[in-house]
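Participant: Take a look at upload_18.txt, compact mmCIF, C-alpha atoms:
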```txt
# COMPACT_ATOMS: atom_id res chain seq x y z
CA MET A 827 -9.03 -47.90 -38.91
CA SER A 828 -11.55 -50.71 -39.50
CA GLU A 829 -14.70 -50.37 -41.58
CA GLN A 830 -16.80 -50.99 -38.45
CA SER A 831 -15.25 -48.08 -36.52
CA GLU A 832 -15.66 -45.78 -39.52
CA GLU A 833 -19.36 -46.63 -39.67
CA ARG A 834 -19.77 -45.82 -35.96
CA SER A 835 -17.87 -42.51 -36.01
CA VAL A 836 -20.07 -39.45 -35.47
CA PRO A 837 -18.41 -36.07 -36.04
CA LEU A 838 -19.20 -33.23 -33.62
CA THR A 839 -20.72 -31.11 -36.39
CA GLY A 840 -23.27 -33.84 -37.02
CA ASN A 841 -24.19 -33.99 -33.34
CA LEU A 842 -24.58 -30.21 -33.19
CA ALA A 843 -26.82 -30.18 -36.24
CA LEU A 844 -29.01 -32.91 -34.72
CA ILE A 845 -29.29 -31.11 -31.37
CA THR A 846 -30.22 -27.88 -33.16
CA GLN A 847 -33.06 -29.56 -35.03
CA LEU A 848 -34.39 -31.40 -31.97
CA HIS A 849 -33.94 -28.89 -29.17
CA LEU A 850 -34.12 -25.42 -30.74
CA PRO A 851 -37.94 -25.23 -30.87
CA GLY A 852 -38.21 -26.45 -27.27
CA THR A 853 -35.62 -23.97 -25.97
CA ALA A 854 -37.29 -21.06 -27.75
CA GLY A 855 -40.70 -22.19 -26.51
CA ARG A 856 -39.50 -22.49 -22.90
CA LEU A 857 -37.90 -19.04 -22.92
CA GLY A 858 -41.01 -17.60 -24.53
CA GLN A 859 -43.15 -19.12 -21.77
CA GLN A 860 -40.89 -17.58 -19.13
CA ILE A 861 -41.27 -14.17 -20.75
CA ARG A 862 -45.06 -14.56 -20.71
CA ASP A 863 -44.95 -15.60 -17.04
CA LEU A 864 -42.89 -12.52 -16.22
CA GLU A 865 -45.27 -10.26 -18.12
CA ALA A 866 -48.18 -11.74 -16.18
CA ALA A 867 -46.50 -11.47 -12.77
CA ALA A 868 -44.89 -8.02 -13.03
CA PRO A 869 -48.12 -5.95 -12.81
CA ALA A 870 -49.22 -7.85 -9.71
CA PHE A 871 -45.87 -7.16 -8.01
CA THR A 872 -46.24 -3.47 -8.83
CA ARG A 873 -49.82 -3.33 -7.49
CA ALA A 874 -48.68 -5.06 -4.31
CA GLY A 875 -45.88 -2.54 -3.76
CA LEU A 876 -43.10 -5.11 -4.14
CA VAL A 877 -41.85 -3.17 -7.17
CA ARG A 878 -42.13 0.61 -7.17
CA LYS A 879 -41.30 3.46 -9.48
CA ILE A 880 -38.70 5.96 -8.25
CA GLN A 881 -38.52 9.61 -9.21
CA ARG A 882 -35.02 10.75 -9.98
CA PRO A 883 -33.83 13.87 -8.16
CA LYS A 884 -34.16 16.87 -10.48
CA PRO A 885 -31.80 18.65 -10.55
CA LEU A 886 -29.23 16.25 -9.16
CA THR A 887 -27.03 17.63 -6.37
CA VAL A 888 -24.87 15.22 -4.39
CA HIS A 889 -21.31 14.69 -3.15
CA ALA A 890 -20.63 10.97 -3.43
CA ALA A 891 -17.51 8.87 -2.98
CA GLY A 892 -17.09 5.61 -4.86
CA ILE A 893 -14.79 2.97 -3.40
CA ALA A 894 -13.85 0.29 -5.94
CA THR A 895 -11.60 -2.73 -5.39
CA LYS A 896 -9.85 -5.09 -7.78
CA VAL A 897 -7.80 -8.28 -7.70
CA PRO A 898 -6.54 -9.06 -11.23
CA GLY A 899 -5.77 -12.60 -12.36
CA ARG A 900 -2.96 -14.14 -10.38
CA GLN A 901 0.45 -14.80 -11.93
CA ARG A 902 1.95 -18.28 -11.52
CA VAL A 903 5.47 -18.24 -10.04
CA MET A 904 7.47 -21.14 -8.56
CA GLY A 905 4.53 -23.45 -7.85
CA GLY A 906 2.44 -20.67 -6.33
CA PHE A 907 1.02 -17.31 -7.35
CA LEU A 908 1.67 -13.62 -7.08
CA TYR A 909 -1.37 -11.48 -6.45
CA ALA A 910 -2.05 -7.76 -6.43
CA ALA A 911 -5.01 -6.23 -4.61
CA GLY A 912 -5.91 -2.57 -4.88
CA GLY A 913 -8.63 -0.11 -4.03
CA VAL A 914 -9.45 3.45 -5.10
CA ARG A 915 -11.72 6.04 -3.54
CA LEU A 916 -12.82 8.79 -5.94
CA ASP A 917 -15.21 11.66 -5.21
CA VAL A 918 -17.84 12.82 -7.68
CA ILE A 919 -19.47 16.19 -7.01
CA VAL A 920 -22.74 17.00 -8.77
CA LYS A 921 -24.30 20.47 -8.45
CA ASP A 922 -27.46 21.12 -10.42
CA ASN A 923 -26.57 18.29 -12.82
CA ARG A 924 -23.04 19.66 -13.42
CA VAL A 925 -20.55 16.89 -12.71
CA SER A 926 -16.98 17.26 -11.50
CA THR A 927 -14.51 14.97 -9.79
CA GLY A 928 -12.95 15.64 -6.43
CA THR A 929 -10.11 14.11 -4.47
CA GLN A 930 -9.07 10.48 -4.61
CA ASP A 931 -7.22 8.01 -2.44
CA SER A 932 -5.82 4.53 -3.01
CA VAL A 933 -4.36 1.45 -1.32
CA CYS A 934 -2.60 -1.58 -2.78
CA GLU A 935 -0.58 -4.63 -1.82
CA VAL A 936 1.40 -7.27 -3.70
CA ASP A 937 2.45 -10.61 -2.25
CA ASP A 938 2.88 -14.29 -3.03
CA ILE A 939 0.23 -16.86 -2.25
CA ASP A 940 0.20 -20.65 -2.25
CA TYR A 941 -1.46 -22.93 -4.75
CA GLU A 942 -4.69 -23.49 -2.76
CA ASP A 943 -7.93 -21.93 -3.94
CA GLN A 944 -7.65 -18.43 -2.48
CA ARG A 945 -10.75 -16.77 -3.95
CA LEU A 946 -12.31 -16.07 -0.54
CA ARG A 947 -9.00 -14.95 0.92
CA LEU A 948 -8.58 -12.36 -1.84
CA SER A 949 -12.19 -11.20 -1.37
CA LEU A 950 -11.43 -10.62 2.30
CA ILE A 951 -8.41 -8.51 1.37
CA SER A 952 -10.58 -6.38 -0.93
CA LEU A 953 -13.19 -5.90 1.80
CA ARG A 954 -10.52 -4.81 4.26
CA GLN A 955 -9.08 -2.34 1.75
CA ALA A 956 -12.52 -0.87 1.01
CA TYR A 957 -13.06 -0.19 4.70
CA GLU A 958 -9.58 1.33 5.04
CA LEU A 959 -10.49 3.80 2.29
CA ALA A 960 -13.88 4.50 3.85
CA ASP A 961 -12.21 5.19 7.19
CA ALA A 962 -9.83 7.67 5.55
CA ALA A 963 -12.75 9.38 3.79
CA LEU A 964 -14.57 9.95 7.07
CA THR A 965 -11.52 11.49 8.73
CA ASP A 966 -10.30 13.85 5.99
CA GLY A 967 -12.67 16.68 6.90
CA THR A 968 -14.76 16.56 3.69
CA ARG A 969 -18.55 16.35 4.02
CA ARG A 970 -20.01 13.67 1.76
CA ASP A 971 -23.64 12.60 1.29
CA LEU A 972 -22.99 9.08 0.07
CA LEU A 973 -20.19 6.53 0.33
CA ILE A 974 -20.61 3.68 -2.17
CA LEU A 975 -18.62 0.46 -1.72
CA ASP A 976 -18.43 -2.36 -4.25
CA THR A 977 -17.93 -4.94 -1.47
CA PRO A 978 -20.28 -6.41 1.16
CA LEU A 979 -20.63 -4.30 4.31
CA LEU A 980 -20.37 -7.33 6.60
CA LEU A 981 -18.50 -10.62 6.52
CA SER A 982 -20.44 -13.79 5.86
CA ARG A 983 -19.53 -16.81 7.96
CA SER A 984 -19.20 -18.67 4.67
CA MET A 985 -15.95 -16.74 4.16
CA VAL A 986 -14.26 -18.47 7.11
CA ALA A 987 -11.37 -20.82 6.28
CA PRO A 988 -12.70 -24.37 5.76
CA ARG A 989 -10.07 -25.95 8.02
CA ASP A 990 -7.94 -24.84 10.95
CA ASP A 991 -4.62 -26.08 9.64
CA ALA A 992 -1.33 -24.72 8.36
CA ALA A 993 -2.48 -24.78 4.73
CA HIS A 994 -5.23 -22.24 5.50
CA ARG A 995 -3.27 -20.02 7.86
CA GLY A 996 -3.20 -17.13 5.37
CA HIS A 997 -6.96 -17.42 4.87
CA ARG A 998 -7.60 -17.26 8.63
CA GLU A 999 -5.31 -14.26 8.99
CA ALA A 1000 -7.10 -12.47 6.14
CA TYR A 1001 -10.48 -13.12 7.78
CA ASP A 1002 -9.28 -11.89 11.17
CA ALA A 1003 -7.72 -8.76 9.65
CA ALA A 1004 -10.89 -7.95 7.68
CA LEU A 1005 -13.12 -8.50 10.72
CA GLU A 1006 -10.91 -6.31 12.90
CA THR A 1007 -10.95 -3.51 10.29
CA VAL A 1008 -14.75 -3.64 9.99
CA GLU A 1009 -15.23 -3.67 13.76
CA ASN A 1010 -12.88 -0.72 14.27
CA PHE A 1011 -14.56 1.26 11.50
CA TRP A 1012 -18.04 0.94 13.00
CA LYS A 1013 -16.72 1.49 16.50
CA HIS A 1014 -15.29 4.88 15.52
CA HIS A 1015 -17.80 6.06 12.88
CA LYS A 1016 -21.15 4.42 13.64
CA GLU A 1017 -22.65 7.45 15.39
CA ARG A 1018 -21.67 9.70 12.48
CA LEU A 1019 -23.47 7.65 9.81
CA PHE A 1020 -27.13 7.39 8.88
CA PRO A 1021 -29.43 6.10 10.40
CA TRP A 1022 -27.72 6.56 13.79
CA ASN A 1023 -27.15 10.18 12.79
CA GLU A 1024 -30.08 11.52 10.76
CA ASP A 1025 -27.86 14.14 9.08
CA GLY A 1026 -24.93 11.80 8.51
CA PRO A 1027 -23.72 10.32 5.22
CA VAL A 1028 -25.15 7.04 3.97
CA LEU A 1029 -22.78 4.09 3.58
CA VAL A 1030 -24.13 1.68 0.97
CA GLY A 1031 -22.73 -1.45 -0.65
CA VAL A 1032 -23.63 -1.93 -4.32
CA GLY A 1033 -23.11 -5.13 -6.28
CA SER A 1034 -24.74 -7.49 -8.76
CA GLY A 1035 -25.70 -10.42 -6.54
CA ARG A 1036 -28.39 -11.51 -4.08
CA PHE A 1037 -30.95 -12.14 -6.83
CA GLY A 1038 -32.25 -15.06 -4.79
CA ALA A 1039 -33.43 -12.67 -2.09
CA VAL A 1040 -36.05 -11.26 -4.46
CA LEU A 1041 -37.33 -14.78 -5.12
CA GLN A 1042 -37.58 -15.22 -1.35
CA LEU A 1043 -39.48 -11.95 -1.22
CA ALA A 1044 -41.83 -13.15 -3.94
CA GLN A 1045 -42.59 -16.35 -2.02
CA GLN A 1046 -43.41 -14.70 1.31
CA ASP A 1047 -47.00 -14.83 2.49
CA ILE A 1048 -47.11 -11.28 3.84
CA ARG A 1049 -50.48 -11.97 5.43
CA THR A 1050 -48.55 -13.87 8.09
CA HIS A 1051 -46.24 -12.47 10.76
CA ALA A 1052 -43.23 -14.31 9.28
CA GLY A 1053 -43.88 -12.82 5.85
CA ARG A 1054 -44.32 -9.29 7.18
CA GLN A 1055 -41.12 -9.65 9.21
CA PHE A 1056 -39.12 -10.21 6.02
CA ILE A 1057 -40.24 -6.90 4.41
CA LEU A 1058 -39.65 -3.49 5.98
CA GLY A 1059 -42.77 -2.24 7.73
CA GLY A 1060 -42.62 1.19 6.12
CA GLU A 1061 -42.91 -0.23 2.60
CA LEU A 1062 -46.73 -0.51 2.83
CA VAL A 1063 -47.07 -3.70 0.81
CA THR A 1064 -50.65 -4.65 -0.16
CA ALA A 1065 -51.21 -8.33 0.55
CA GLU A 1066 -54.47 -8.59 -1.39
CA ALA A 1067 -52.76 -7.73 -4.67
CA LEU A 1068 -50.55 -10.81 -4.38
CA ALA A 1069 -53.54 -13.11 -4.74
CA ASP A 1070 -53.13 -12.80 -8.52
CA ILE A 1071 -49.74 -14.56 -8.45
CA GLU A 1072 -50.36 -17.21 -5.78
CA GLY A 1073 -50.81 -19.84 -8.48
CA MET A 1074 -47.65 -18.82 -10.34
CA GLU A 1075 -45.06 -19.90 -7.76
CA ARG A 1076 -43.81 -22.86 -9.80
CA ALA A 1077 -43.55 -20.73 -12.95
CA ILE A 1078 -41.65 -18.00 -11.10
CA LEU A 1079 -39.18 -20.51 -9.68
CA SER A 1080 -38.55 -21.97 -13.14
CA ILE A 1081 -37.53 -18.58 -14.55
CA GLY A 1082 -34.28 -18.38 -12.58
CA GLU A 1083 -33.09 -15.79 -10.10
CA GLN A 1084 -31.27 -13.29 -12.29
CA ARG A 1085 -33.68 -13.48 -15.21
CA PHE A 1086 -36.61 -13.01 -12.83
CA VAL A 1087 -35.17 -9.84 -11.29
CA GLN A 1088 -34.09 -8.40 -14.65
CA GLY A 1089 -37.55 -8.96 -16.10
CA LEU A 1090 -39.38 -7.73 -13.02
CA LEU A 1091 -37.66 -4.36 -12.79
CA GLY A 1092 -38.25 -1.65 -15.37
CA PRO A 1093 -36.28 1.59 -15.79
CA PHE A 1094 -35.97 3.59 -12.55
CA THR A 1095 -37.69 1.07 -10.32
CA ARG A 1096 -36.69 -0.76 -7.17
CA THR A 1097 -37.94 -3.72 -5.19
CA ALA A 1098 -39.43 -3.32 -1.74
CA ALA A 1099 -36.67 -3.21 0.87
CA TYR A 1100 -36.23 -6.34 2.96
CA ARG A 1101 -34.21 -7.50 5.94
CA LEU A 1102 -31.12 -9.44 4.92
CA ASN A 1103 -30.39 -10.63 8.45
CA ILE A 1104 -33.47 -12.88 8.33
CA ARG A 1105 -33.03 -16.28 6.63
CA SER A 1106 -29.48 -15.38 5.59
CA PRO A 1107 -26.14 -16.91 6.53
CA ARG A 1108 -24.71 -15.59 9.78
CA MET A 1109 -22.87 -12.31 9.32
CA GLU A 1110 -20.04 -10.70 11.28
CA PRO A 1111 -19.66 -8.55 13.31
CA GLY A 1112 -22.69 -10.17 14.95
CA ASP A 1113 -23.83 -7.12 16.93
CA LEU A 1114 -24.07 -5.01 13.76
CA ALA A 1115 -25.93 -7.74 11.89
CA GLU A 1116 -28.42 -8.05 14.75
CA GLU A 1117 -29.15 -4.32 14.60
CA GLY A 1118 -30.26 -4.69 11.00
CA VAL A 1119 -29.20 -5.17 7.38
CA VAL A 1120 -31.52 -3.61 4.80
CA GLY A 1121 -31.34 -4.50 1.10
CA PHE A 1122 -33.15 -3.83 -2.16
CA HIS A 1123 -32.60 -4.22 -5.90
CA PHE A 1124 -32.82 -1.30 -8.30
CA LYS A 1125 -32.53 -0.60 -11.99
CA GLY A 1126 -31.41 2.66 -13.61
CA ALA A 1127 -31.99 3.67 -17.20
CA GLN A 1128 -33.30 1.42 -19.96
CA GLY A 1129 -30.69 -1.14 -20.99
CA THR A 1130 -28.89 -1.25 -17.64
CA SER A 1131 -28.79 -4.28 -15.35
CA ALA A 1132 -30.43 -4.68 -11.98
CA ARG A 1133 -28.09 -3.94 -9.09
CA PHE A 1134 -28.22 -4.89 -5.43
CA ALA A 1135 -27.82 -2.30 -2.67
CA HIS A 1136 -27.63 -2.83 1.07
CA CYS A 1137 -27.17 -0.64 4.14
CA LEU A 1138 -26.82 -1.21 7.87
CA GLY A 1139 -28.98 0.00 10.74
CA PRO A 1140 -32.27 -0.77 12.49
CA ALA A 1141 -35.00 -1.43 9.93
CA GLU A 1142 -37.45 0.85 11.70
CA HIS A 1143 -35.13 3.80 11.07
CA TRP A 1144 -35.08 3.19 7.33
CA SER A 1145 -38.25 4.86 6.09
CA SER A 1146 -39.58 4.20 2.61
CA LYS A 1147 -38.88 7.87 1.79
CA LYS A 1148 -35.21 7.56 2.77
CA ILE A 1149 -34.77 4.35 0.76
CA ASP A 1150 -36.39 6.06 -2.24
CA GLU A 1151 -33.92 8.93 -1.80
CA VAL A 1152 -30.89 6.62 -1.73
CA ALA A 1153 -32.22 4.55 -4.65
CA GLY A 1154 -32.93 7.72 -6.64
CA LEU A 1155 -29.37 8.95 -6.20
CA LEU A 1156 -27.92 5.56 -7.19
CA MET A 1157 -30.19 5.37 -10.25
CA ALA A 1158 -29.44 8.93 -11.38
CA MET A 1159 -25.72 8.15 -11.25
CA SER A 1160 -26.13 4.80 -13.07
CA ALA A 1161 -27.44 6.10 -16.38
CA ILE A 1162 -24.43 5.04 -18.46
CA GLY A 1163 -22.54 1.81 -18.96
CA GLY A 1164 -25.20 -0.48 -20.42
CA GLN A 1165 -25.33 -3.94 -18.84
CA GLN A 1166 -22.22 -3.06 -16.80
CA ALA A 1167 -23.70 0.21 -15.50
CA GLN A 1168 -22.69 1.25 -12.01
CA PRO A 1169 -23.07 4.48 -10.03
CA LEU A 1170 -20.68 6.98 -11.62
CA PRO A 1171 -18.34 7.29 -8.58
CA LEU A 1172 -17.80 3.52 -8.63
CA LEU A 1173 -17.38 3.46 -12.40
CA LEU A 1174 -14.68 6.14 -12.35
CA ALA A 1175 -12.92 4.61 -9.35
CA GLU A 1176 -12.89 1.24 -11.11
CA ARG A 1177 -11.23 2.77 -14.17
CA GLU A 1178 -8.45 4.11 -11.96
CA LEU A 1179 -7.69 0.49 -11.08
CA ALA A 1180 -7.05 -0.48 -14.71
CA PRO A 1181 -3.20 -0.28 -14.45
CA LEU A 1182 -3.20 -2.93 -11.72
CA THR A 1183 -3.36 -5.81 -14.21
CA GLY A 1184 -0.39 -4.62 -16.27
CA PHE A 1185 1.56 -3.87 -13.12
CA LEU A 1186 1.13 -7.41 -11.78
CA GLU A 1187 2.22 -8.92 -15.10
CA HIS A 1188 5.33 -6.73 -15.13
CA TYR A 1189 6.06 -7.47 -11.48
CA ALA A 1190 5.79 -11.21 -12.08
CA ARG A 1191 8.17 -11.02 -15.07
CA GLU A 1192 10.71 -9.15 -12.96
CA VAL A 1193 10.43 -11.70 -10.14
CA ARG A 1194 11.04 -14.56 -12.60
CA HIS A 1195 13.99 -12.68 -14.07
CA HIS A 1196 15.59 -12.15 -10.65
CA LEU A 1197 15.04 -15.78 -9.74
CA ARG A 1198 16.69 -16.95 -12.95
CA SER A 1199 19.64 -14.58 -12.63
CA ARG A 1200 20.07 -15.29 -8.89
CA LYS A 1201 20.79 -11.60 -8.32
CA LEU A 1202 18.90 -11.68 -5.06
CA GLU A 1203 21.13 -14.42 -3.62
CA GLU A 1204 24.23 -12.50 -4.67
CA GLY A 1205 22.91 -9.38 -2.97
CA TRP A 1206 22.27 -11.23 0.26
CA LEU A 1207 25.82 -12.68 0.24
CA ASP A 1208 27.56 -9.36 -0.46
CA GLY A 1209 29.96 -8.50 2.35
CA LEU A 1210 29.63 -11.88 4.04
CA ASP A 1211 33.40 -12.40 3.93
CA GLU A 1212 33.94 -9.22 5.90
CA LEU A 1213 32.37 -10.89 8.94
CA ASP A 1214 35.15 -13.47 9.20
```
Please go through the file and, once you have read it, give me the structure as C-alpha cells.
Facilitator:
Amino acid sequence: MSEQSEERSVPLTGNLALITQLHLPGTAGRLGQQIRDLEAAAPAFTRAGLVRKIQRPKPLTVHAAGIATKVPGRQRVMGGFLYAAGGVRLDVIVKDNRVSTGTQDSVCEVDDIDYEDQRLRLSLISLRQAYELADAALTDGTRRDLLILDTPLLLSRSMVAPRDDAAHRGHREAYDAALETVENFWKHHKERLFPWNEDGPVLVGVGSGRFGAVLQLAQQDIRTHAGRQFILGGELVTAEALADIEGMERAILSIGEQRFVQGLLGPFTRTAAYRLNIRSPRMEPGDLAEEGVVGFHFKGAQGTSARFAHCLGPAEHWSSKKIDEVAGLLMAMSAIGGQQAQPLPLLLAERELAPLTGFLEHYAREVRHHLRSRKLEEGWLDGLDELD
C-alpha cells in the first residue's frame, strides 16, 4: 500500500466518532422538540374529543375468542421455499375478574412456494385461515361476546397479484380463495353479528398498524362537511377546541405516524372512531366496505403500545357508547405484555402457535433428506415391473 493511500484511509470508528460529535446534539434536540410538540398538542386533542378516556369494566365479565395466525420464516429448498401457515382460536372466559380458558381450534397447511416475493400471498393465506376459524366458532353452539382476529377484516386491493401471468398464479389463487372465504362468512353470519344484530357478538380485528389514519384525523377540518364525514357522528367532537392546534400542523407531521399516536394516547384512552372506507384503498368485498368500516386506536395499561381496532357495519349503528364498551374490553384484556401487549385471548392463541417454527425447520430437513436419499423415487417405482 502506498503512503498516499495510507494518508487517505479513514477507519469506520473514526467516522462514527465524528458523526457522534456533530450530530448527537441535533438529534437529541430534534427529538426533544417533538416531545414538546406532543405535550402541547395532546391536551387540545383531548378537549376536542379526538382522544378520550375509557373506563374499564369493573368487574370484568366476558367470553372472548382470540384468533391468531402465524407464518414462520420460510425454509429454502431446491431453489424455492417451504412455508407453513397456521391459525389457532382460543377462548378466554372471564367471570368477575376470574380468568379461565375454554375450548380451542386450529388449522394449518404446509406447501412449497416459488422464489418470488410471496409476502402478500402468505398474508392472504393467514386471512383465509382466520376466517375459517371464525366460521367454526360461530357454528359450534357456544355463545361468545367478542371474536378478536389479528388479521384485517377485509381484503385491500393492494393485495392483488401485480401481474396476470404464470409466475403469479399462486398469488391470484390465494387472493381468490381468501375473498371467497370472506364473502361466504359474511353471507352466512352477517345477521348474527353486531351491529346487524344488537345482541350478537362483536367481530373485531386488532393489529398494530394504520397509524397514518390518526394523522389524517388530526388534519381534518371538522367544521366542514368533508371533515365531519371522516369522524363518526356519535363521537361529539368539539371543533372549537381544535383552534389551539391549527398552527401546529407542520410540527405534527414532522413527529412521524407511530411516535405521534404513541405520544398522543395515555393509559386507557382511545382515539375518536373514524370511517376507514373514506380516503382508503379500495377494499373487498365491495358491498361490505360500502356499508361501513369503523376504526380507532386504543392503549391499555401504562407501558403498553397503541393498538389499532376495526369493525364492520354502518357507522350510524356504532354509537360512542358501544365503541367505548368494545375498547374497554380490549383494554382490560391488554394489561400485560409490555410493548407487545395484546388482548389476552390473542396473546394465548399466539403462544399456541409457537411450535410451528420448529415444525417447519424439521419438515424442511426431512424433505432435504428424502431428496438426497432418493427414497421417494424408489417408492414411486416399486412394483413397476409387475405391470409388464
Participant: Tell me which of A:His1015, A:Ser982, A:Gln944, A:Thr965 sits closest to A:Gly996, counting all atoms listed in the file.
Facilitator: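 When distances to A:Gly996 are compared using all atoms listed in the file, the smallest one comes from A:Gln944.
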Participant: Report the distance between atom CA of A:Phe871 and atom CA of A:Arg1096 in Å, rounded to one decimal place.
Facilitator: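 The value is 11.2 Å.
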Participant: Taking all atoms listed in the file into account, name the residue in A:Ala1180, A:Ala1175, A:Ala1190, A:Leu953 that is nearest to A:Pro898.
Facilitator: A:Ala1180
Participant: For a quick check of understanding, using all atoms listed in the file, which of A:Pro1140, A:Pro883, A:Gly875, A:Pro837 has the smallest distance to A:Gly1154?
Facilitator: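 The closest residue to A:Gly1154 is A:Pro883.
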Participant: Find the residue from A:Gly855, A:Pro1171, A:Pro1181, A:Gly1092 that sits nearest to A:Ala911; use all atoms listed in the file when measuring.
Facilitator: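 Among the listed residues, the smallest separation from A:Ala911 belongs to A:Pro1181.
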Participant: Need the shell around A:Leu959: protein/DNA/RNA residues with any atom at most 9 Å away, counting only C-alpha atoms. Skip same-chain ones fewer than 2 positions apart. Format as JSON, numbers by chain?
Facilitator: {"A": [893, 913, 914, 915, 931, 932, 933, 954, 955, 956, 957, 961, 962, 963, 964]}
Participant: Could you jot down the atom CA of A:Leu948 to atom CA of A:Val897 separation for me, Å, one decimal place?
Facilitator: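 Distance between the two atoms: 7.2 Å.
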Participant: Taking only C-alpha atoms into account, name the residue in A:Ala1003, A:Gln901, A:Ala890, A:Gly1060 that is nearest to A:Lys1147.
Facilitator: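 Of the candidates, the smallest distance to A:Lys1147 is held by A:Gly1060.
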Participant: Quick check, in Å to one decimal: how far apart do atom CA of A:Ala1004 and atom CA of A:Pro1021 lie?
Facilitator: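 Calculated distance between atom CA of A:Ala1004 and atom CA of A:Pro1021 is 23.4 Å.
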Participant: Identify the residues within 10 Å of coordinate (-23.3, -18.5, 5.5) (same frame as the file), considering all atoms listed in the file, and give the answer as a PyMOL selection string.
Facilitator: chain A and resi 981-986+1106-1109
Participant: Got a sec: who's within 6 Å of A:Tyr1100, counting only C-alpha atoms, leaving out chain neighbours fewer than 4 positions off, as a list in words?
Facilitator: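 Selected residues are Phe1056, Ile1057, Leu1058, Val1120 and Gly1121 of chain A.
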Participant: Point out the residue among A:Arg947, A:Pro978, A:Ser1034, A:Gly1118 with the least atom-to-atom distance to A:Arg998, counting all atoms listed in the file.
Facilitator: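 Checking each candidate against A:Arg998, we get A:Arg947 as the closest.
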Participant: Would you pick out the contacts of stretch 966-976 of chain A at 6 Å or less, using only C-alpha atoms, so that residues sharing its chain but fewer than 2 positions from it are not included, and give the list as a PyMOL selection string?
Facilitator: chain A and resi 889-894+963-964+1027-1033
Participant: Could you save the residues just selected, with C-alpha atoms, as a PDB file, in the frame of the given file?
Facilitator:
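After the write, out-v3.pdb holds the following:
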```
ATOM      1  CA  HIS A 889     -21.310  14.690  -3.150  1.00  0.00           C
ATOM      2  CA  ALA A 890     -20.630  10.970  -3.430  1.00  0.00           C
ATOM      3  CA  ALA A 891     -17.510   8.870  -2.980  1.00  0.00           C
ATOM      4  CA  GLY A 892     -17.090   5.610  -4.860  1.00  0.00           C
ATOM      5  CA  ILE A 893     -14.790   2.970  -3.400  1.00  0.00           C
ATOM      6  CA  ALA A 894     -13.850   0.290  -5.940  1.00  0.00           C
ATOM      7  CA  ALA A 963     -12.750   9.380   3.790  1.00  0.00           C
ATOM      8  CA  LEU A 964     -14.570   9.950   7.070  1.00  0.00           C
ATOM      9  CA  PRO A1027     -23.720  10.320   5.220  1.00  0.00           C
ATOM     10  CA  VAL A1028     -25.150   7.040   3.970  1.00  0.00           C
ATOM     11  CA  LEU A1029     -22.780   4.090   3.580  1.00  0.00           C
ATOM     12  CA  VAL A1030     -24.130   1.680   0.970  1.00  0.00           C
ATOM     13  CA  GLY A1031     -22.730  -1.450  -0.650  1.00  0.00           C
ATOM     14  CA  VAL A1032     -23.630  -1.930  -4.320  1.00  0.00           C
ATOM     15  CA  GLY A1033     -23.110  -5.130  -6.280  1.00  0.00           C
TER      16      GLY A1033
END
```
Participant: Once 8 Å is added on each side, what centre and edge lengths in Å to one decimal does the axis-aligned box around all listed atoms of stretch 955-960 of chain A have, as AutoDock Vina command-line options?
Facilitator:
```
--center_x -11.5 --center_y 1.1 --center_z 3.0 --size_x 20.8 --size_y 22.8 --size_z 20.0
```
